[in-house]
Each structure stands twice: as C-alpha cells, then as structure tokens.
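structure39.cif follows (mmCIF, C-alpha atoms):
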data_start
loop_
_atom_site.label_atom_id
_atom_site.label_comp_id
_atom_site.auth_asym_id
_atom_site.auth_seq_id
_atom_site.Cartn_x
_atom_site.Cartn_y
_atom_site.Cartn_z
CA MET X 267 278.16 -21.11 236.11
CA LYS X 268 275.94 -23.21 233.86
CA ALA X 269 277.54 -25.08 230.95
CA ILE X 270 276.58 -27.39 228.11
CA ILE X 271 278.81 -29.69 226.09
CA ILE X 272 278.32 -30.17 222.33
CA ASP X 273 280.42 -33.01 220.88
CA ASP X 274 279.57 -35.95 218.66
CA GLU X 275 282.07 -38.25 220.44
CA LYS X 276 280.70 -39.86 223.62
CA GLU X 277 284.16 -40.53 224.99
CA ALA X 278 285.09 -36.87 224.59
CA ARG X 279 281.85 -35.70 226.23
CA ASP X 280 282.31 -38.01 229.20
CA ALA X 281 285.97 -37.08 229.62
CA LEU X 282 285.19 -33.36 229.66
CA ARG X 283 282.28 -33.86 232.09
CA ASP X 284 284.47 -35.86 234.49
CA THR X 285 287.32 -33.35 234.28
CA LEU X 286 284.96 -30.47 235.04
CA TYR X 287 283.49 -32.38 237.99
CA ASN X 288 286.94 -33.13 239.45
CA TYR X 289 288.74 -29.86 238.75
CA CYS X 290 286.06 -27.17 238.25
CA PRO X 291 283.27 -28.00 240.72
CA THR X 292 281.63 -24.59 240.37
CA ILE X 293 280.70 -25.41 236.76
CA GLU X 294 277.29 -27.12 236.51
CA VAL X 295 276.86 -29.16 233.32
CA MET X 296 273.22 -28.75 232.31
CA GLY X 297 273.20 -31.08 229.34
CA PHE X 298 274.97 -32.79 226.46
CA ALA X 299 274.40 -32.61 222.72
CA THR X 300 275.62 -35.24 220.28
CA ASN X 301 275.33 -32.98 217.23
CA GLY X 302 274.93 -29.35 216.25
CA ARG X 303 271.15 -29.35 216.00
CA GLU X 304 270.77 -30.78 219.50
CA GLY X 305 273.26 -28.19 220.65
CA LEU X 306 271.17 -25.33 219.29
CA ASN X 307 268.15 -26.66 221.18
CA LEU X 308 270.16 -26.96 224.42
CA ILE X 309 271.44 -23.41 224.10
CA GLN X 310 267.89 -22.10 223.73
CA GLU X 311 266.60 -24.28 226.58
CA HIS X 312 269.27 -23.62 229.22
CA ASN X 313 270.70 -20.19 228.30
CA PRO X 314 274.17 -21.34 229.44
CA ASP X 315 277.04 -19.20 230.69
CA ILE X 316 279.61 -21.41 228.91
CA VAL X 317 279.35 -23.63 225.83
CA PHE X 318 282.03 -26.25 225.17
CA LEU X 319 281.77 -26.72 221.41
CA ASP X 320 283.45 -29.33 219.23
CA VAL X 321 284.69 -27.88 215.93
CA GLU X 322 284.35 -30.87 213.60
CA MET X 323 280.97 -32.63 213.74
CA PRO X 324 278.80 -34.25 211.06
CA ASP X 325 275.76 -32.39 209.74
CA LEU X 326 276.47 -29.08 211.53
CA SER X 327 280.04 -28.12 212.44
CA GLY X 328 280.86 -25.92 215.39
CA PHE X 329 281.06 -22.93 213.05
CA ASP X 330 277.65 -23.83 211.57
CA VAL X 331 276.16 -23.87 215.06
CA LEU X 332 277.44 -20.36 215.76
CA ASN X 333 276.30 -19.08 212.36
CA SER X 334 272.79 -20.32 213.18
CA LEU X 335 272.55 -18.14 216.29
CA GLU X 336 271.24 -14.60 216.20
CA ARG X 337 273.41 -13.66 219.19
CA ILE X 338 276.32 -15.26 221.02
CA HIS X 339 275.44 -14.47 224.61
CA PHE X 340 277.64 -17.08 226.29
CA ALA X 341 281.35 -17.65 226.83
CA LEU X 342 282.60 -19.96 224.10
CA ILE X 343 285.32 -22.57 224.57
CA PHE X 344 286.12 -24.58 221.46
CA VAL X 345 287.15 -28.21 221.89
CA THR X 346 289.30 -29.20 218.95
CA ALA X 347 291.81 -31.63 217.53
CA TYR X 348 292.94 -29.03 214.97
CA ASN X 349 296.54 -28.82 213.83
CA GLU X 350 299.15 -26.31 214.90
CA TYR X 351 298.20 -23.65 212.34
CA ALA X 352 294.56 -23.62 213.36
CA VAL X 353 295.51 -23.41 217.03
CA ARG X 354 297.43 -20.23 216.24
CA ALA X 355 294.27 -18.88 214.61
CA PHE X 356 292.33 -19.50 217.83
CA GLU X 357 295.02 -17.62 219.73
CA PHE X 358 294.87 -14.68 217.33
CA SER X 359 291.13 -14.38 217.91
CA ALA X 360 291.47 -14.59 221.72
CA ILE X 361 288.67 -17.17 221.84
CA ASP X 362 289.47 -19.94 224.30
CA TYR X 363 290.10 -23.44 223.06
CA LEU X 364 290.98 -26.86 224.46
CA LEU X 365 292.91 -29.53 222.62
CA LYS X 366 291.78 -33.13 222.82
CA PRO X 367 292.51 -34.99 225.03
CA ILE X 368 291.62 -32.42 227.68
CA ASP X 369 294.47 -31.30 229.93
CA PRO X 370 293.07 -30.42 233.41
CA PRO X 371 295.39 -27.42 234.04
CA ARG X 372 294.48 -26.02 230.63
CA LEU X 373 290.77 -26.47 231.40
CA ILE X 374 291.16 -24.63 234.71
CA GLU X 375 292.98 -21.82 232.90
CA ALA X 376 290.18 -21.49 230.32
CA ILE X 377 287.53 -21.30 233.03
CA GLU X 378 289.53 -18.64 234.90
CA LYS X 379 289.78 -16.59 231.71
CA VAL X 380 286.00 -16.65 231.41
CA ARG X 381 285.67 -15.36 234.95
CA GLU X 382 288.38 -12.73 234.69
CA ARG X 383 287.60 -11.13 231.39
CA GLN X 384 283.82 -10.88 231.63
CA ARG X 385 283.90 -10.57 227.89
CA LEU X 386 280.51 -11.93 226.86
CA PHE X 387 279.53 -8.78 225.00
CA GLN X 388 282.55 -9.05 222.68
CA LEU X 389 282.36 -12.72 221.70
CA GLU X 390 280.51 -12.11 218.45
CA GLU X 391 283.27 -9.87 217.13
CA GLN X 392 285.97 -12.27 218.31
CA TYR X 393 284.22 -15.21 216.66
CA LYS X 394 284.04 -13.36 213.33
CA LEU X 395 287.77 -12.73 213.50
CA LEU X 396 288.47 -16.39 214.23
CA SER X 397 286.15 -17.55 211.44
CA ASP X 398 287.83 -15.25 208.91
CA ILE X 399 291.28 -16.60 209.77
CA ILE X 400 290.27 -20.28 209.74
CA GLN X 401 288.24 -20.10 206.52
CA ALA X 402 290.95 -18.17 204.69
CA LYS X 403 293.26 -21.20 205.23
CA ARG X 404 296.32 -18.95 205.42
CA PRO X 405 298.27 -17.16 208.11
CA PRO X 406 296.98 -13.71 209.08
CA LEU X 407 298.48 -10.89 206.99
CA LEU X 408 298.92 -7.17 207.50
CA ASN X 409 295.24 -6.23 207.29
CA ASN X 410 294.15 -8.97 209.68
CA ARG X 411 293.77 -8.28 213.36
CA ILE X 412 295.07 -9.65 216.62
CA THR X 413 293.50 -9.22 220.05
CA PHE X 414 295.28 -8.33 223.27
CA SER X 415 293.38 -9.12 226.48
CA THR X 416 293.97 -7.37 229.78
CA GLN X 417 291.92 -7.58 232.96
CA GLU X 418 290.18 -4.33 232.04
CA GLU X 419 289.58 -4.68 228.31
CA ILE X 420 290.17 -6.50 225.04
CA ILE X 421 291.98 -4.41 222.42
CA PHE X 422 291.67 -5.21 218.71
CA VAL X 423 294.80 -4.30 216.74
CA THR X 424 295.44 -4.48 212.99
CA LEU X 425 298.74 -6.27 212.45
CA LYS X 426 300.12 -3.42 210.34
CA ASP X 427 299.68 -1.11 213.37
CA LEU X 428 301.56 -3.39 215.76
CA ILE X 429 305.02 -1.82 216.04
CA ARG X 430 306.91 -3.98 218.51
CA ILE X 431 306.68 -6.17 221.62
CA GLU X 432 309.19 -5.92 224.43
CA ALA X 433 309.86 -8.40 227.24
CA ASP X 434 308.95 -7.02 230.67
CA GLN X 435 309.85 -9.62 233.31
CA ASN X 436 306.90 -12.08 233.33
CA PHE X 437 304.88 -9.85 230.99
CA SER X 438 305.19 -8.30 227.55
CA SER X 439 304.82 -4.63 226.66
CA VAL X 440 302.99 -4.13 223.35
CA TYR X 441 303.44 -0.90 221.40
CA VAL X 442 300.76 0.01 218.86
CA LEU X 443 300.57 2.87 216.38
CA GLY X 444 298.18 5.55 217.63
CA LEU X 445 297.96 4.32 221.21
CA PRO X 446 299.63 6.68 223.71
CA LYS X 447 300.48 3.95 226.20
CA ARG X 448 301.87 0.45 226.01
CA ILE X 449 299.60 -2.57 226.52
CA LEU X 450 300.88 -4.84 229.29
CA ILE X 451 300.06 -8.49 228.52
CA ALA X 452 300.58 -11.59 230.69
CA HIS X 453 302.42 -13.57 228.01
CA HIS X 454 306.12 -14.18 227.56
CA LEU X 455 307.84 -13.08 224.34
CA LYS X 456 308.23 -16.74 223.32
CA TYR X 457 304.45 -16.97 223.02
CA TYR X 458 304.37 -14.21 220.40
CA GLU X 459 307.43 -15.54 218.61
CA ARG X 460 305.54 -18.80 218.04
CA LEU X 461 302.32 -16.98 217.15
CA PHE X 462 304.10 -14.93 214.47
CA ALA X 463 306.07 -17.88 213.07
CA ASP X 464 304.44 -17.59 209.62
CA LEU X 465 304.72 -13.80 209.41
CA PRO X 466 308.12 -12.75 207.99
CA PHE X 467 307.64 -9.07 208.84
CA PHE X 468 307.63 -9.84 212.59
CA PHE X 469 311.06 -10.89 213.83
CA ARG X 470 312.61 -11.52 217.24
CA VAL X 471 315.76 -9.45 216.83
CA HIS X 472 316.88 -9.91 220.43
CA ARG X 473 315.83 -12.03 223.40
CA GLY X 474 313.88 -9.02 224.70
CA HIS X 475 312.37 -7.64 221.47
CA ILE X 476 310.05 -8.60 218.60
CA VAL X 477 309.81 -5.93 215.91
CA ASN X 478 307.50 -5.24 212.98
CA LEU X 479 310.18 -4.76 210.34
CA PHE X 480 308.08 -2.26 208.38
CA TYR X 481 308.74 0.24 211.19
CA VAL X 482 312.53 -0.12 211.00
CA ARG X 483 314.17 3.07 209.77
CA LYS X 484 317.83 2.07 209.99
CA PHE X 485 320.18 -0.70 211.02
CA ILE X 486 323.20 0.81 212.78
CA ARG X 487 326.36 -1.32 212.82
CA GLU X 488 328.07 0.30 215.81
CA ASP X 489 327.74 -0.89 219.43
CA GLY X 490 327.17 -4.46 218.29
CA GLY X 491 324.30 -3.47 216.00
CA TYR X 492 320.90 -1.95 216.72
CA LEU X 493 317.73 -0.84 214.95
CA LEU X 494 316.03 2.52 214.89
CA VAL X 495 312.29 1.77 215.19
CA ARG X 496 309.57 4.41 214.97
CA ASP X 497 307.74 5.47 218.11
CA GLN X 498 304.01 4.70 218.34
CA GLN X 499 303.01 8.39 218.29
CA SER X 500 305.86 10.77 217.60
CA GLN X 501 308.34 10.75 214.75
CA GLU X 502 311.13 9.83 217.15
CA TYR X 503 312.94 6.49 216.97
CA HIS X 504 313.86 3.96 219.64
CA LYS X 505 317.12 2.01 219.69
CA ILE X 506 316.43 -1.73 219.67
CA PRO X 507 319.47 -4.02 220.18
CA VAL X 508 320.13 -6.82 217.71
CA ALA X 509 321.59 -10.14 218.85
CA ASN X 510 324.65 -11.27 216.89
CA ARG X 511 323.08 -14.59 215.95
CA GLN X 512 320.00 -12.81 214.54
CA ARG X 513 321.84 -10.25 212.42
CA GLU X 514 322.20 -12.24 209.19
CA GLU X 515 318.55 -13.34 209.08
CA LEU X 516 317.38 -9.86 210.05
CA LEU X 517 319.26 -8.18 207.21
CA LYS X 518 317.96 -10.79 204.79
CA ARG X 519 314.36 -10.10 205.78
CA LEU X 520 314.82 -6.35 205.66
CA SER X 521 316.22 -6.57 202.16
CA ILE X 522 313.19 -8.39 200.74
CA LEU X 523 310.36 -6.47 202.42
#
Rendering of file as structure tokens:
Amino acid sequence: MKAIIIDDEKEARDALRDTLYNYCPTIEVMGFATNGREGLNLIQEHNPDIVFLDVEMPDLSGFDVLNSLERIHFALIFVTAYNEYAVRAFEFSAIDYLLKPIDPPRLIEAIEKVRERQRLFQLEEQYKLLSDIIQAKRPPLLNNRITFSTQEEIIFVTLKDLIRIEADQNFSSVYVLGLPKRILIAHHLKYYERLFADLPFFFRVHRGHIVNLFYVRKFIREDGGYLLVRDQQSQEYHKIPVANRQREELLKRLSIL
C-alpha cells in the first residue's frame, strides 16, 4: 500500500518513516509534507492508500486539510499528541490514530485495521463524526453517535439507542434498540468503561455488564440485587446482576437521571 506522511515536525516524520520500514515493510512511503498545503499537493499527486496526518500544524491543521478535500478516498490515520479526552473522541469515531511517540505494536495494529475493514467508502462519514465531537469540546451526549466495527461492516449507533454491553469471553456483545441481533465486538468491557467515563448514564453495574441507565425499569433487591433492563426489540426485560460494591453509586445515578 502507498502512504504519505504529513507532519510539520521532522523528527516525527523520520521516526514514523523508520518505524514503518522496520515493522510494516509492505507500506511504501511515497512522500513527506511539512505542512498542510504540501500535504494536499501530495495527496493529489500520489493518490495514496493511507495518509498519516498530524492534527496540530501551523497554517493548515489536519482538520483543515481534510476540509479542503472534495472526497476522502484514502484510509486516514491521525498522528496526535492530543490529551485523553480527545483520544476518546477518536475512538468514538472509529478513525485510527497514533499517539506520539509512535509505538510499533500500535502502528502494526492500525495498519491491520486498514487491511481488515476495507472501509474507505465510509471515511467521510466517520471523519464528520470525529470533527463534531472534537470541535464541540465536550463529551458525546445522547444524540451523538458511536461506531462499532466488525470484519463485515461498520455500524453507526446513536448513544440513546445503545441499551447495554455484555462481556463475552474475549469479546463484547452490544445490544442496540431496533437491531434484532447483538453486535459482537473484539473489545473487552474495560475498553468501553473507559470510553464512557464522562457519560453518567452508562454504568458498569457488574464485571460483565455495562448498562444504559435510561433503559432500567426496576432495581430488585432480592438475590443480591439485579436490574430489569428492556430488551432491544420486545417489551420484555432482562435480569442484569448488580455487584455489591456498585450498588450505592448505581442507585445514586438512577435517582438523578
């Protein structure tokens, strides 16, 4: 696959080039750009498969570069030194990102995602989602969306329609309002617990369950305590266990929603 690197820091460009050469030999770096305007020219000249794009650059930022393009026809991997909140925004959008300094295993993972998902046709919509979250300068709320990527497809879900996530060995089962089947995702529950850290209506009530508290019908005290949570299609309710150590915080959150 052909790639270009757009970054105003020479040290960062060289480090990424060397890491690609040593760990991802199938990636051919076609050129380097020291600013956004050079990057736009390189994109037009080489028609790359992958663009490694720095977020913060003088003159044109990474977002400005993307806004200047009529179409995003390449796989996009942001290279960023953004803080923890912004990293969560990248994860919500399902656009790949690398934190500086570049970690080789993380780079290999990003390249594999590009190969596996074959998602070029959806990058424009994903970028818009990411841009909305970043520019709003606040955590995503109920009407914002999250993406769930499988090997077959990328599913866009409004947060208010996300009912619950259940641990399933090395995967997570995601249950969404209106979808007849669960979505099986290759992430542990801890990943989503961190992702939803700023969203009080998502709560890990048990080591195996994260629940959207707006779908909780009842808290039942018997059998150690459990929730009745609405099914994604029917009007039936599922019993979700509640860990003893989570009970006090859970009831507090339920009372203020």
Worksheet item: So how far away is CA of Ile272 (chain X) from CA of Ala299 (chain X), in Å?
Response: 4.6 Å
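Using only C-alpha atoms for every distance, the candidate list X:Arg460, X:Ile449, X:Ala376, X:Ile506 yields X:Ile449 as the residue closest to Thr416 (chain X).
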Worksheet item: What does the distance between CA of Glu304 (chain X) and CA of Val380 (chain X) come to in Å, to one decimal place?
Response: 23.9 Å
Worksheet item: Applied to the shown file, which residues does the PyMOL selection byres ((chain X and resi 343) around 12) return, written as a PyMOL selection string?
Response: chain X and resi 269-272+282+315-321+328+340-342+344-346+356-357+360-365+372-380+386+389+393
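The two atoms in question, CA of Tyr441 (chain X) and CA of Phe462 (chain X), are spaced 15.7 Å apart.
Proximity of X:Ser521, X:Asp273, X:Pro370, X:Asn333 to Leu286 (chain X), computed with all atoms listed in the file, is greatest for X:Pro370.
Of the residues listed (X:Thr285, X:Thr292, X:Thr413, X:Asn510), X:Thr413 shows the shortest atom-to-atom separation from Leu425 (chain X); distances use all atoms listed in the file.
Within the 7 Å cut-off around Ala452 (chain X), using only C-alpha atoms and omitting residues fewer than 4 positions from it on the same chain, the listed residues are Asn436, Phe437 and Ser438 of chain X.
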Discussion item. The PyMOL selection byres ((chain X and resi 323) around 9) - which residues does that actually catch in the file I just gave you? List them as a list in words.
Written reply: Asp273, Asp274, Glu275, Thr300, Asn301, Gly302, Asp320, Val321, Glu322, Pro324, Asp325, Leu326, Ser327 and Gly328 of chain X
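The nearest approach to Arg496 (chain X) among the residues X:Tyr289, X:Phe468, X:Phe329, X:Tyr481, with only C-alpha atoms taken into account, belongs to X:Tyr481.
If you measure from each of X:Gln417, X:Ile368, X:Asp464, X:Gly444 to Arg381 (chain X) using all atoms listed in the file, the closest one turns out to be X:Gln417.
Residue nearest Ala433 (chain X), chosen from X:Pro507, X:Gly490, X:Gly474, X:Pro371 and counting all atoms listed in the file: X:Gly474.
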Worksheet entry | Residues near Val482 (chain X), cut-off 8 Å, only C-alpha atoms, skip fewer than 2 positions along chain, as a VMD selection string | chain X and resid 478 to 480 484 to 485 493 to 496
Item to complete: Check which residues satisfy the PyMOL selection byres ((chain X and resi 497) around 12) in the file shown, then give them as a PyMOL selection string.
Response: chain X and resi 427-430+440-448+477-478+481-483+494-496+498-506
Can you pull region 454-490 of chain X out of that block with N, CA and C atoms and hand it back as a tab-separated table (two decimals), in the first residue's frame?
chain	number	residue	atom	x	y	z
X	454	HIS	N	-12.64	-5.67	25.04
X	454	HIS	CA	-13.07	-6.05	26.37
X	454	HIS	C	-13.99	-4.96	26.95
X	455	LEU	N	-14.73	-5.32	27.99
X	455	LEU	CA	-15.66	-4.38	28.62
X	455	LEU	C	-14.91	-3.19	29.22
X	456	LYS	N	-13.68	-3.41	29.68
X	456	LYS	CA	-12.88	-2.32	30.25
X	456	LYS	C	-12.68	-1.19	29.26
X	457	TYR	N	-12.55	-1.54	27.99
X	457	TYR	CA	-12.38	-0.53	26.94
X	457	TYR	C	-13.58	0.41	26.92
X	458	TYR	N	-14.80	-0.14	26.98
X	458	TYR	CA	-15.98	0.70	26.93
X	458	TYR	C	-16.21	1.43	28.25
X	459	GLU	N	-15.82	0.84	29.34
X	459	GLU	CA	-15.92	1.53	30.62
X	459	GLU	C	-15.10	2.82	30.59
X	460	ARG	N	-13.90	2.74	30.04
X	460	ARG	CA	-13.06	3.94	29.92
X	460	ARG	C	-13.64	4.92	28.91
X	461	LEU	N	-14.15	4.41	27.80
X	461	LEU	CA	-14.71	5.26	26.76
X	461	LEU	C	-15.91	6.06	27.27
X	462	PHE	N	-16.71	5.45	28.15
X	462	PHE	CA	-17.91	6.10	28.66
X	462	PHE	C	-17.68	6.80	29.99
X	463	ALA	N	-16.43	7.07	30.33
X	463	ALA	CA	-16.11	7.60	31.66
X	463	ALA	C	-16.83	8.92	31.95
X	464	ASP	N	-17.07	9.75	30.93
X	464	ASP	CA	-17.70	11.05	31.13
X	464	ASP	C	-19.21	11.02	30.93
X	465	LEU	N	-19.77	9.85	30.73
X	465	LEU	CA	-21.20	9.72	30.45
X	465	LEU	C	-21.90	9.05	31.63
X	466	PRO	N	-22.57	9.81	32.49
X	466	PRO	CA	-23.14	9.24	33.72
X	466	PRO	C	-24.27	8.25	33.49
X	467	PHE	N	-24.88	8.27	32.29
X	467	PHE	CA	-25.99	7.35	32.05
X	467	PHE	C	-25.53	5.97	31.59
X	468	PHE	N	-24.22	5.79	31.33
X	468	PHE	CA	-23.67	4.46	31.12
X	468	PHE	C	-22.90	4.06	32.37
X	469	PHE	N	-23.19	2.87	32.89
X	469	PHE	CA	-22.58	2.48	34.16
X	469	PHE	C	-22.28	0.99	34.15
X	470	ARG	N	-21.08	0.64	34.61
X	470	ARG	CA	-20.70	-0.77	34.73
X	470	ARG	C	-21.25	-1.29	36.05
X	471	VAL	N	-22.38	-1.95	35.98
X	471	VAL	CA	-23.07	-2.39	37.19
X	471	VAL	C	-22.51	-3.70	37.73
X	472	HIS	N	-21.75	-4.39	36.90
X	472	HIS	CA	-21.22	-5.71	37.25
X	472	HIS	C	-20.01	-5.94	36.37
X	473	ARG	N	-19.11	-6.83	36.76
X	473	ARG	CA	-17.90	-7.04	35.95
X	473	ARG	C	-18.23	-7.50	34.53
X	474	GLY	N	-19.44	-8.02	34.31
X	474	GLY	CA	-19.80	-8.49	32.98
X	474	GLY	C	-20.82	-7.63	32.25
X	475	HIS	N	-21.19	-6.45	32.80
X	475	HIS	CA	-22.28	-5.69	32.21
X	475	HIS	C	-22.08	-4.18	32.34
X	476	ILE	N	-22.24	-3.47	31.21
X	476	ILE	CA	-22.41	-2.01	31.20
X	476	ILE	C	-23.83	-1.74	30.70
X	477	VAL	N	-24.54	-0.85	31.38
X	477	VAL	CA	-25.95	-0.63	31.08
X	477	VAL	C	-26.20	0.86	30.85
X	478	ASN	N	-27.04	1.15	29.84
X	478	ASN	CA	-27.59	2.49	29.67
X	478	ASN	C	-28.73	2.62	30.67
X	479	LEU	N	-28.54	3.48	31.67
X	479	LEU	CA	-29.48	3.52	32.79
X	479	LEU	C	-30.87	4.01	32.39
X	480	PHE	N	-31.00	4.64	31.24
X	480	PHE	CA	-32.32	5.07	30.80
X	480	PHE	C	-33.21	3.89	30.42
X	481	TYR	N	-32.62	2.70	30.24
X	481	TYR	CA	-33.40	1.52	29.90
X	481	TYR	C	-33.71	0.65	31.13
X	482	VAL	N	-33.32	1.11	32.30
X	482	VAL	CA	-33.59	0.36	33.52
X	482	VAL	C	-35.03	0.59	33.95
X	483	ARG	N	-35.77	-0.50	34.10
X	483	ARG	CA	-37.16	-0.41	34.56
X	483	ARG	C	-37.24	-0.49	36.08
X	484	LYS	N	-36.51	-1.44	36.66
X	484	LYS	CA	-36.58	-1.63	38.11
X	484	LYS	C	-35.22	-2.08	38.65
X	485	PHE	N	-34.99	-1.76	39.91
X	485	PHE	CA	-33.92	-2.39	40.68
X	485	PHE	C	-34.58	-3.30	41.71
X	486	ILE	N	-34.26	-4.59	41.63
X	486	ILE	CA	-34.84	-5.60	42.52
X	486	ILE	C	-33.83	-5.94	43.60
X	487	ARG	N	-34.22	-5.88	44.87
X	487	ARG	CA	-33.28	-6.06	45.96
X	487	ARG	C	-32.94	-7.53	46.23
X	488	GLU	N	-33.82	-8.43	45.86
X	488	GLU	CA	-33.61	-9.85	46.20
X	488	GLU	C	-32.47	-10.44	45.38
X	489	ASP	N	-31.99	-11.61	45.81
X	489	ASP	CA	-30.92	-12.35	45.13
X	489	ASP	C	-29.65	-11.52	44.98
X	490	GLY	N	-29.39	-10.67	45.94
X	490	GLY	CA	-28.18	-9.85	45.89
X	490	GLY	C	-28.33	-8.56	45.12
